[in-house]
Structure formats: C-alpha cells, structure tokens
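Colleague: This structure is in structure tokens; I'll ask about it shortly.
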Amino acid sequence: MCGIAAILARPGTVIGRALPALFDRQLAHRGPDASGFATFNRAGEVCETNHAELALIHRRLSIIDLDPRANQPMASRDGKYVLIFNGEIYNYLELREELQRKGEKFFTASDSEVLIAAYAAWGEGALSRFTGMFAFVLLDKQRRELFLARDPFGIKPLFWAMGSGALAIASEIGPLLDVPGVGRRADLARTALYLSAGETDAGERTMFAAVRSLPAGSYAHVSLNSVAEPMPVKYWQQRSAPRQRPFAEAAQELREAFLDSIKLHLRSDVALGVALSGGIDSSAILCAARQVAPTLPIRTFSFTAAGSEVDETPYIDIVAEHIGAASERVRIEPADIARDIDGLVKTQGEPFGSLSIYAQYRVMALAKNHGIKVMLDGQGADELFAGYRPFLARRLGELIAKFQFGAAMRLLQNMRRLPGAGTLLLAQAFEPAVPKGLRAFARKVLGRPLFPDWFDERWLAGLNAVAVEKEAPRNLHGALMQSLTETVLPALLRYEDRNSMAFSIESRVPFLTPALADLAYSMPADYLVDEKATSKSVLRAALRDIVPDAILDRRDKIGFATPDRMWASALQPWFLRVLKSDVARSLPWLKADRAVAALNRRVEGSTVFGFDFWRTVNLVRWIECFNVEAS
C-alpha cells in the first residue's frame, strides 16, 4: 500500500526538481516507510533530474516483503519496465509459481515484482489474472509509453490532470492542484449532483473540473511522445446472470468462495486488525479469519456510542468473545468531532455524504496507536448481497411488476415488521413506475424535495441535466449493480482509502473480488431478499456455524452509524461560522440566512437533522479549505 505519482512533461519542456519534491511531500502519509524517485528522458532512458521529461515518485508502506530491495520505483531484470504500484496482489504466490514454471526468476519476495513479470508475460491480460486491489503506473521502455491500470472495483485511487506543461498522475487529488495550469475550479454540474443526491464519486469526473479519475476496472496507454490525455479502456465489468440451483448448494458455494478470499486477504508480513462494527459483514470477516487461521493474532477495533440508539457494543462483545480476539474501542465525544472536523474535510479531499465517516476515521486512528498497519473491513457486502433497506423495496417492486402478488404481499407484511421500516420503503418500491415529470412532485409530497429551501433551485437546475437523480432500476439486480458501480460503493471506497491512509494503514476489503462478485450476481433475487424480508439471505446461510447466530439473526441495520443530532449540536458553532463566512455568502446557489435559520431549528430539535444540511455545510467548508473557484 503506497502513494504513487508520475509527471510526464509536454514535448519541449522538462519537469525540474520542485514539482516531484512537492508530490513526494504531499503523499508521504500514504507511505512513510520509504521514498523512491526516478527520472527519465522521453526515450525512457534514465537521466539527471534537471533534464527529466518523466518522473516516477513512490512512497512506500511496507506490508509484503519488508526488505528495501522491494522498494519502488522497481525495474524488471532486463530493464524494460519500471513500476510504481499502490495496493496488493493477494494471489501473487500462485502467479509467482506459474511464472517460475515459464522460466521467470525473482530476486525479491514482493508482489510488485510479480506484477511486473505478469505484465511482461501477458500484457493487458495480466489484469484479469490478479486478485487484489491496485492502481499502478508502469513505464514500458520498448513501447515508449506509460501503462496505467486500476482494480476492478476502484478500491485504490488513481487521478490525473493535464497542466500547461505536463500530464500529472497521483494517488490523491491534492498534489495535482499545484500543477501549473490545472487550477481549482469546481465542476459545477458535479456540485449540483452532490447537493441534490449526495453523489461525488462515479466514473471519470471529480468535484474539480480539471481533475479526472481513471475509472474502476480500466486501463490506459499514454505515449511518452504525444503526452495525450489517458483514454480509459474497460477490462472488467460484472456480467454474471442469476442462475438457478438449490439454495443450500448456493450457500455452500458462497461459503467456500468467501473462506478462500479471507485466506488470500490475510497474507501480510505485518500485524493486522479488523474493523468490527458488530454487523454481519465485519463479523463474518473476523470469524472467518479465525476459522482459516486459528493461531493468527487478531485485534479488533470498534466505534461505540454508549447511550444512543446506534450503539452496537453488545454485538461487538458477542463476536469478540466468540473468537477470542483482543478488542479495542473508541468512544467519541461531541467535542472530539468539533476538534477534528476540519482535518477530516482536508483528509477526504472532496465533499462527503454524512458525518458517519468520522467514526471510521477515529477507528483508523485507534488502530494506528496500537501499531496496526493492515485492517480488514466489510465494504462491498451490502452492494453484492442486498444489505440496504432500499433493496427490499426494489425487490417488492420487482415482484409487483411480475404480477407475483402473493409473494409481494408476504414480503410487504414482513417488511412492516422490521425495526424502523415505514411508508418510505413502499414509496421506493413504486418509484420506477412514477412518470419522470411527476417525480419532483412526488418527492415533495413524501417530504424529500430535490433541494431544500435554502438553495436557489433555479440556479442549480440550470447547470446541467446530470444534476437530476439517476433513474431507479426496475429490478433488484439492477439496483445492486447501480449501487456497486455508481451511487454508493465508489464513495465508500474513497472514504475508506483516505481515512486509512491518513494514518498510514492499508485497508483491505475481502468481499470485493471478481470471483465473489460474479457469484453474488449469479444468485436468484429471492436468495438475496427472501419473503421474510431477510436481506443477505444466502450470505447468512453461508455463514452459519462460523458467525454467532445472534449476529446472523439481526434484522436491524446500523454499521458505523453515528448519533448525528448529538454531534450536530456540538458542531453548531462550526456550522454557523461556515455559513456566515464570506465564501458562503458569495455562492450564488446558497441562501445563507435561510440555512442559518434551518440550522437553529434542527439543532433545537423541531426538525430532523438530515443529510441535505450536512452536504451544504460540508461543500462550503471544502470550498474554503481547498480555495476552490465555485461561483
């Protein structure tokens, strides 16, 4: 796990020393164990820094093969390739053996060297052989080009920007903003989409107009001579279709695949821990890790909210005691978030959807304080196995559309018995059937207007049609795919990456492998959401006798949820300062006085403290922190 960057000068220019040094400093938190730097001319030959037309920068967090010989940039034995790599190839041992049978020799025990050899042997086809999370830039001296690639789910980030004198590539957006000619102008269409739907992370576009992201599951070639913008080519997308087989057989198939994934994700030469929320996903990872590695030392790290309705301490206790893991907890006081909120905004780099990611931020800090360098987390399970409540609604709508009214009625009756379920789920079930022209009216009737009254709706609506919420899929599998690739998971992975790397921790997500994704989407819809309104039905069955029944039989959904109203009260002075700032009053889409009045009502408890308000304040503060041109 590392921070990487590449700078490729336009023809007729050189890079100089200052920009690579700046990139190295700004990415240091991602890799505090070693700093690597190499410079080349346009022919791919090593040259002095003063004459460099290509610079490769690497900050290393040593996880596999701690020997300095595994540092990067790493060159192949024949010198044809030079690699900077962020992530892990978990099946590197199997690939290494396969390559050795082909005559390849290795001089380190690293997965980085395996990656280079795999590319030399199979080219772009190597990407489909990797089980891992990765973003890398590889200099191919024979072709005189850079090869960029990102893992199938976009677990590891890779951004680029075209400046006036160079193409720059980096693991985070921050360093790119200082490249001459890039600028800090906001993408206003993305801004409107964030304010209306909370979306920030999808596809190539970022919240900065000049910065792009290499999409998940894509690669690109960049010629050293032409220095053109990267043109992404998709090499992976989930394609499996539902396949009928007995439920017990499907559960056993899933059980074996999940345990195989856990085995791979436990490969590490440093201490590892598990982020334990007390829910099914994190509990599954912890208990499965104990099953496949009975003697492996494992520590758990959790957020607790004693005295609130989102406290999961009893479930954390059950799981930690079940597998005999050392359990560390962090309890967050309202004053803590007031102290850390600016740091969190700067860490994330782009606006984020809610305060809940602060809990994850503090869990990573706790792990860092206990000397942990690798954490396992349950991201992805909800998007693969229908863990969110709206998926119940989508399944209900699917049954109704197929005229399976008996099954729909049974599901609806059981949905009504769930903790916290209400009329909103029923409304979501019928959402795809509502004519597009009536959706704005329907949202207002349900108390969910696209924009609150402190926004200038006409100004925002005039930006771009992209600001309208995405079409709701008409079936469960379509909703899962949209959540996985567009609306939910991309943002969660960004939060995870920035929060973990802020504390120099590698965060692994064992649910997110192509094999598990294909298996999940091969499940019939009623294996994911059954008539009893049980989400993740087949996953729960697959985990029986591994995870305690008290966890598997849970019907609520909390995760790293946080007591937002209590935190909002503590943050009221910060909110007021942000809303009364010169920046807030300069924004044409924000009616700042109305927002202040709304804040006071919400903190007093007369109205619900919702995501719409947080998005407003978060966006204004992001504009302040990064000096964004947003008008």
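In the structure tokens, chains take the letters A, B, ... in the order shown, each chain's residues start at 1, and ligands count up from 1 in the order shown.
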Could you give me, as an MDAnalysis selection string, each residue of stretch 220-335 of chain A that DSSP assigns to strand (DSSP E or B) when run on this structure's backbone?
Modeller: chainID A and resid 220:223 233:234 272:275 299:304 326:331
Colleague: Report the distance between atom CA of A:Gly31 and atom CA of A:Ser213 in Å, rounded to one decimal place.
Modeller: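 Value for the atom CA of A:Gly31-atom CA of A:Ser213 distance: 20.8 Å.
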Colleague: Need the shell around stretch 168-176 of chain A: protein/DNA/RNA residues with any atom at most 6 Å away, counting only C-alpha atoms. Skip same-chain ones fewer than 3 positions apart. Format as a list in words?
Modeller: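 Counting only C-alpha atoms, the residues come to Gly3, Ile4, Ala5, Ala6, Ile7, Phe23, Pro157, Leu158, Phe159, Trp160, Ala161 and Val179 of chain A.
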Colleague: Between atom CA of A:Leu19 and atom CA of A:Arg184, what is the distance in Å, rounded to a tenth?
Modeller: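 Separation of atom CA of A:Leu19 and atom CA of A:Arg184: 17.0 Å.
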Colleague: Write out as a list in words the residues lying within 7 Å of stretch 316-324 of chain A, counting only C-alpha atoms and excluding same-chain residues fewer than 4 positions away.
Modeller: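 That gives Leu276, Ser277, Gly278, Ser283, Cys287, Arg290 and Glu312 of chain A.
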Colleague: DSSP on the backbone, then: every residue of stretch 458-560 of chain A marked helix (DSSP H, G or I), written as a tab-separated table (two decimals) with N, CA and C atoms, in the first residue's frame.
Modeller:
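Output (part.tsv):
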```
chain	number	residue	atom	x	y	z
A	458	ARG	N	-33.44	27.17	-9.07
A	458	ARG	CA	-33.36	27.50	-10.50
A	458	ARG	C	-31.92	27.61	-10.97
A	459	TRP	N	-31.07	28.19	-10.12
A	459	TRP	CA	-29.67	28.33	-10.48
A	459	TRP	C	-29.02	26.95	-10.63
A	460	LEU	N	-29.29	26.06	-9.67
A	460	LEU	CA	-28.71	24.73	-9.70
A	460	LEU	C	-29.26	23.91	-10.86
A	461	ALA	N	-30.56	24.00	-11.09
A	461	ALA	CA	-31.18	23.23	-12.17
A	461	ALA	C	-30.65	23.64	-13.53
A	465	ALA	N	-28.17	18.76	-16.89
A	465	ALA	CA	-29.14	17.70	-16.61
A	465	ALA	C	-28.55	16.61	-15.74
A	466	VAL	N	-27.23	16.53	-15.63
A	466	VAL	CA	-26.60	15.49	-14.81
A	466	VAL	C	-26.96	15.66	-13.34
A	467	ALA	N	-27.43	16.85	-12.96
A	467	ALA	CA	-27.77	17.10	-11.57
A	467	ALA	C	-29.05	16.40	-11.15
A	476	LEU	N	-34.08	-5.94	-8.73
A	476	LEU	CA	-33.11	-5.98	-7.64
A	476	LEU	C	-31.68	-6.02	-8.15
A	477	HIS	N	-31.41	-6.86	-9.13
A	477	HIS	CA	-30.04	-6.97	-9.61
A	477	HIS	C	-29.57	-5.66	-10.25
A	478	GLY	N	-30.46	-4.96	-10.92
A	478	GLY	CA	-30.10	-3.66	-11.48
A	478	GLY	C	-29.77	-2.65	-10.40
A	479	ALA	N	-30.54	-2.69	-9.30
A	479	ALA	CA	-30.28	-1.78	-8.18
A	479	ALA	C	-28.94	-2.10	-7.52
A	480	LEU	N	-28.63	-3.39	-7.41
A	480	LEU	CA	-27.34	-3.79	-6.84
A	480	LEU	C	-26.19	-3.28	-7.70
A	481	MET	N	-26.33	-3.44	-9.01
A	481	MET	CA	-25.26	-3.01	-9.90
A	481	MET	C	-25.07	-1.49	-9.86
A	482	GLN	N	-26.16	-0.74	-9.82
A	482	GLN	CA	-26.05	0.72	-9.73
A	482	GLN	C	-25.37	1.12	-8.43
A	483	SER	N	-25.72	0.46	-7.35
A	483	SER	CA	-25.10	0.75	-6.05
A	483	SER	C	-23.62	0.41	-6.05
A	484	LEU	N	-23.25	-0.69	-6.71
A	484	LEU	CA	-21.87	-1.14	-6.73
A	484	LEU	C	-20.98	-0.24	-7.58
A	485	THR	N	-21.50	0.25	-8.69
A	485	THR	CA	-20.65	0.94	-9.65
A	485	THR	C	-20.85	2.44	-9.74
A	486	GLU	N	-22.00	2.96	-9.25
A	486	GLU	CA	-22.31	4.37	-9.49
A	486	GLU	C	-22.62	5.19	-8.25
A	487	THR	N	-23.49	4.69	-7.38
A	487	THR	CA	-24.08	5.58	-6.40
A	487	THR	C	-23.56	5.45	-4.97
A	489	LEU	N	-21.01	2.48	-3.50
A	489	LEU	CA	-19.70	1.91	-3.21
A	489	LEU	C	-18.53	2.81	-3.60
A	490	PRO	N	-18.54	3.49	-4.76
A	490	PRO	CA	-17.39	4.34	-5.08
A	490	PRO	C	-17.07	5.36	-3.98
A	491	ALA	N	-18.11	5.95	-3.41
A	491	ALA	CA	-17.87	6.92	-2.33
A	491	ALA	C	-17.35	6.24	-1.08
A	492	LEU	N	-17.93	5.08	-0.72
A	492	LEU	CA	-17.49	4.37	0.48
A	492	LEU	C	-16.03	3.95	0.37
A	493	LEU	N	-15.61	3.55	-0.82
A	493	LEU	CA	-14.21	3.16	-1.01
A	493	LEU	C	-13.28	4.36	-0.91
A	494	ARG	N	-13.73	5.50	-1.40
A	494	ARG	CA	-12.92	6.71	-1.25
A	494	ARG	C	-12.76	7.07	0.23
A	495	TYR	N	-13.88	7.05	0.97
A	495	TYR	CA	-13.79	7.36	2.40
A	495	TYR	C	-12.80	6.42	3.09
A	496	GLU	N	-12.92	5.14	2.76
A	496	GLU	CA	-12.06	4.12	3.37
A	496	GLU	C	-10.59	4.37	3.05
A	497	ASP	N	-10.31	4.63	1.80
A	497	ASP	CA	-8.92	4.84	1.40
A	497	ASP	C	-8.33	6.06	2.10
A	498	ARG	N	-9.04	7.20	2.07
A	498	ARG	CA	-8.47	8.42	2.66
A	498	ARG	C	-8.36	8.31	4.18
A	499	ASN	N	-9.38	7.74	4.84
A	499	ASN	CA	-9.33	7.61	6.29
A	499	ASN	C	-8.21	6.69	6.75
A	500	SER	N	-8.02	5.58	6.05
A	500	SER	CA	-6.98	4.64	6.44
A	500	SER	C	-5.60	5.19	6.12
A	501	MET	N	-5.43	5.75	4.93
A	501	MET	CA	-4.11	6.23	4.54
A	501	MET	C	-3.69	7.49	5.29
A	514	PRO	N	-13.48	-10.21	-7.95
A	514	PRO	CA	-14.32	-10.57	-9.10
A	514	PRO	C	-15.03	-11.90	-8.91
A	515	ALA	N	-14.37	-12.87	-8.28
A	515	ALA	CA	-14.99	-14.18	-8.08
A	515	ALA	C	-16.23	-14.07	-7.19
A	516	LEU	N	-16.12	-13.34	-6.09
A	516	LEU	CA	-17.27	-13.18	-5.19
A	516	LEU	C	-18.36	-12.34	-5.83
A	517	ALA	N	-17.98	-11.34	-6.62
A	517	ALA	CA	-18.99	-10.52	-7.28
A	517	ALA	C	-19.77	-11.35	-8.30
A	518	ASP	N	-19.06	-12.15	-9.09
A	518	ASP	CA	-19.75	-12.99	-10.06
A	518	ASP	C	-20.69	-13.97	-9.36
A	519	LEU	N	-20.24	-14.51	-8.25
A	519	LEU	CA	-21.06	-15.46	-7.50
A	519	LEU	C	-22.29	-14.77	-6.92
A	520	ALA	N	-22.10	-13.57	-6.37
A	520	ALA	CA	-23.22	-12.84	-5.77
A	520	ALA	C	-24.29	-12.54	-6.81
A	521	TYR	N	-23.88	-12.08	-7.98
A	521	TYR	CA	-24.85	-11.71	-9.00
A	521	TYR	C	-25.43	-12.91	-9.74
A	525	ALA	N	-32.89	-13.60	-7.18
A	525	ALA	CA	-33.28	-12.49	-6.32
A	525	ALA	C	-33.83	-12.95	-4.98
A	526	ASP	N	-34.59	-14.05	-4.95
A	526	ASP	CA	-35.16	-14.50	-3.68
A	526	ASP	C	-34.13	-15.16	-2.78
A	527	TYR	N	-32.91	-15.42	-3.29
A	527	TYR	CA	-31.83	-15.89	-2.43
A	527	TYR	C	-31.14	-14.71	-1.73
A	528	LEU	N	-31.33	-13.52	-2.27
A	528	LEU	CA	-30.75	-12.32	-1.68
A	528	LEU	C	-31.72	-11.66	-0.71
A	537	SER	N	-29.93	-13.05	2.50
A	537	SER	CA	-30.41	-14.35	2.95
A	537	SER	C	-29.39	-15.46	2.70
A	538	VAL	N	-28.86	-15.54	1.49
A	538	VAL	CA	-27.92	-16.62	1.18
A	538	VAL	C	-26.59	-16.41	1.89
A	539	LEU	N	-26.18	-15.18	2.11
A	539	LEU	CA	-24.94	-14.93	2.85
A	539	LEU	C	-25.08	-15.36	4.30
A	540	ARG	N	-26.22	-15.06	4.92
A	540	ARG	CA	-26.45	-15.51	6.30
A	540	ARG	C	-26.38	-17.03	6.38
A	541	ALA	N	-26.99	-17.71	5.40
A	541	ALA	CA	-26.96	-19.17	5.41
A	541	ALA	C	-25.55	-19.70	5.24
A	542	ALA	N	-24.77	-19.03	4.38
A	542	ALA	CA	-23.40	-19.47	4.14
A	542	ALA	C	-22.52	-19.34	5.38
A	549	ASP	N	-25.11	-16.99	15.87
A	549	ASP	CA	-26.49	-16.82	15.42
A	549	ASP	C	-27.05	-15.46	15.83
A	550	ALA	N	-26.62	-14.94	16.98
A	550	ALA	CA	-27.13	-13.65	17.44
A	550	ALA	C	-26.81	-12.53	16.46
A	551	ILE	N	-25.74	-12.69	15.72
A	551	ILE	CA	-25.37	-11.71	14.71
A	551	ILE	C	-26.11	-11.98	13.41
A	552	LEU	N	-26.14	-13.23	12.99
A	552	LEU	CA	-26.78	-13.57	11.73
A	552	LEU	C	-28.28	-13.33	11.75
```
Colleague: Env of A:Gly181: 9 Å cut, atoms = only C-alpha atoms, seq-sep filter 5 positions within chain, self excluded. Answer as a list in words.
Modeller: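 Neighbouring residues, sequence-local ones excluded: Met162, Gly163, Ser164, Gly165 and Ala166 of chain A.
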Colleague: Go ahead and write the residues just picked, C-alpha atoms, as a PDB file, in the first residue's frame.
Modeller:
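Okay, this is what ended up in selection_3.pdb:
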```
ATOM      1  CA  MET A 162      -3.363  17.904 -17.735  1.00  0.00           C
ATOM      2  CA  GLY A 163      -1.429  21.010 -16.833  1.00  0.00           C
ATOM      3  CA  SER A 164       0.076  23.659 -19.065  1.00  0.00           C
ATOM      4  CA  GLY A 165       3.431  21.873 -19.129  1.00  0.00           C
ATOM      5  CA  ALA A 166       2.781  18.285 -18.087  1.00  0.00           C
TER       6      ALA A 166
END
```
Colleague: Give the answer as one residue: which of A:Trp567, A:Phe613, A:Trp589, A:Phe40 has the shortest atom-to-atom distance to A:Ala335, using only C-alpha atoms?
Modeller: A:Trp567
Colleague: Just the residues within 9 Å of A:Pro588, please, counting only C-alpha atoms, with nothing from its chain fewer than 5 positions along; format it as a list of chain:residue names.
Modeller: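 The neighbour list is A:Phe455, A:Asp456, A:Trp459, A:Ser631.
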Colleague: The selected residues should be written to file as a PDB file, in the first residue's frame (atoms: C-alpha atoms).
Modeller:
```pdb
ATOM      1  CA  PHE A 455     -30.822  26.541  -2.234  1.00  0.00           C
ATOM      2  CA  ASP A 456     -31.507  28.588  -5.336  1.00  0.00           C
ATOM      3  CA  TRP A 459     -29.666  28.325 -10.483  1.00  0.00           C
ATOM      4  CA  SER A 631     -19.121  30.578  -8.443  1.00  0.00           C
TER       5      SER A 631
END
```
Colleague: Quick one: distance from atom CA of A:Leu22 to atom CA of A:Gly349 in Å, one decimal?
Modeller: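 Atom CA of A:Leu22 sits 16.8 Å away from atom CA of A:Gly349.
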Colleague: Looking at A:Pro452, A:Phe403, A:Ser535, A:Thr304, which one is nearest to A:Met415, with distances taken over only C-alpha atoms?
Modeller: A:Ser535
Colleague: Go through A:Val330, A:Ile64, A:Ala216, A:Leu463 one by one, measure the shortest atom-to-atom distance of each to A:Ala306 using only C-alpha atoms, and give the residue with the smallest value.
Modeller: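 With only C-alpha atoms as the atom set, the closest residue is A:Val330.
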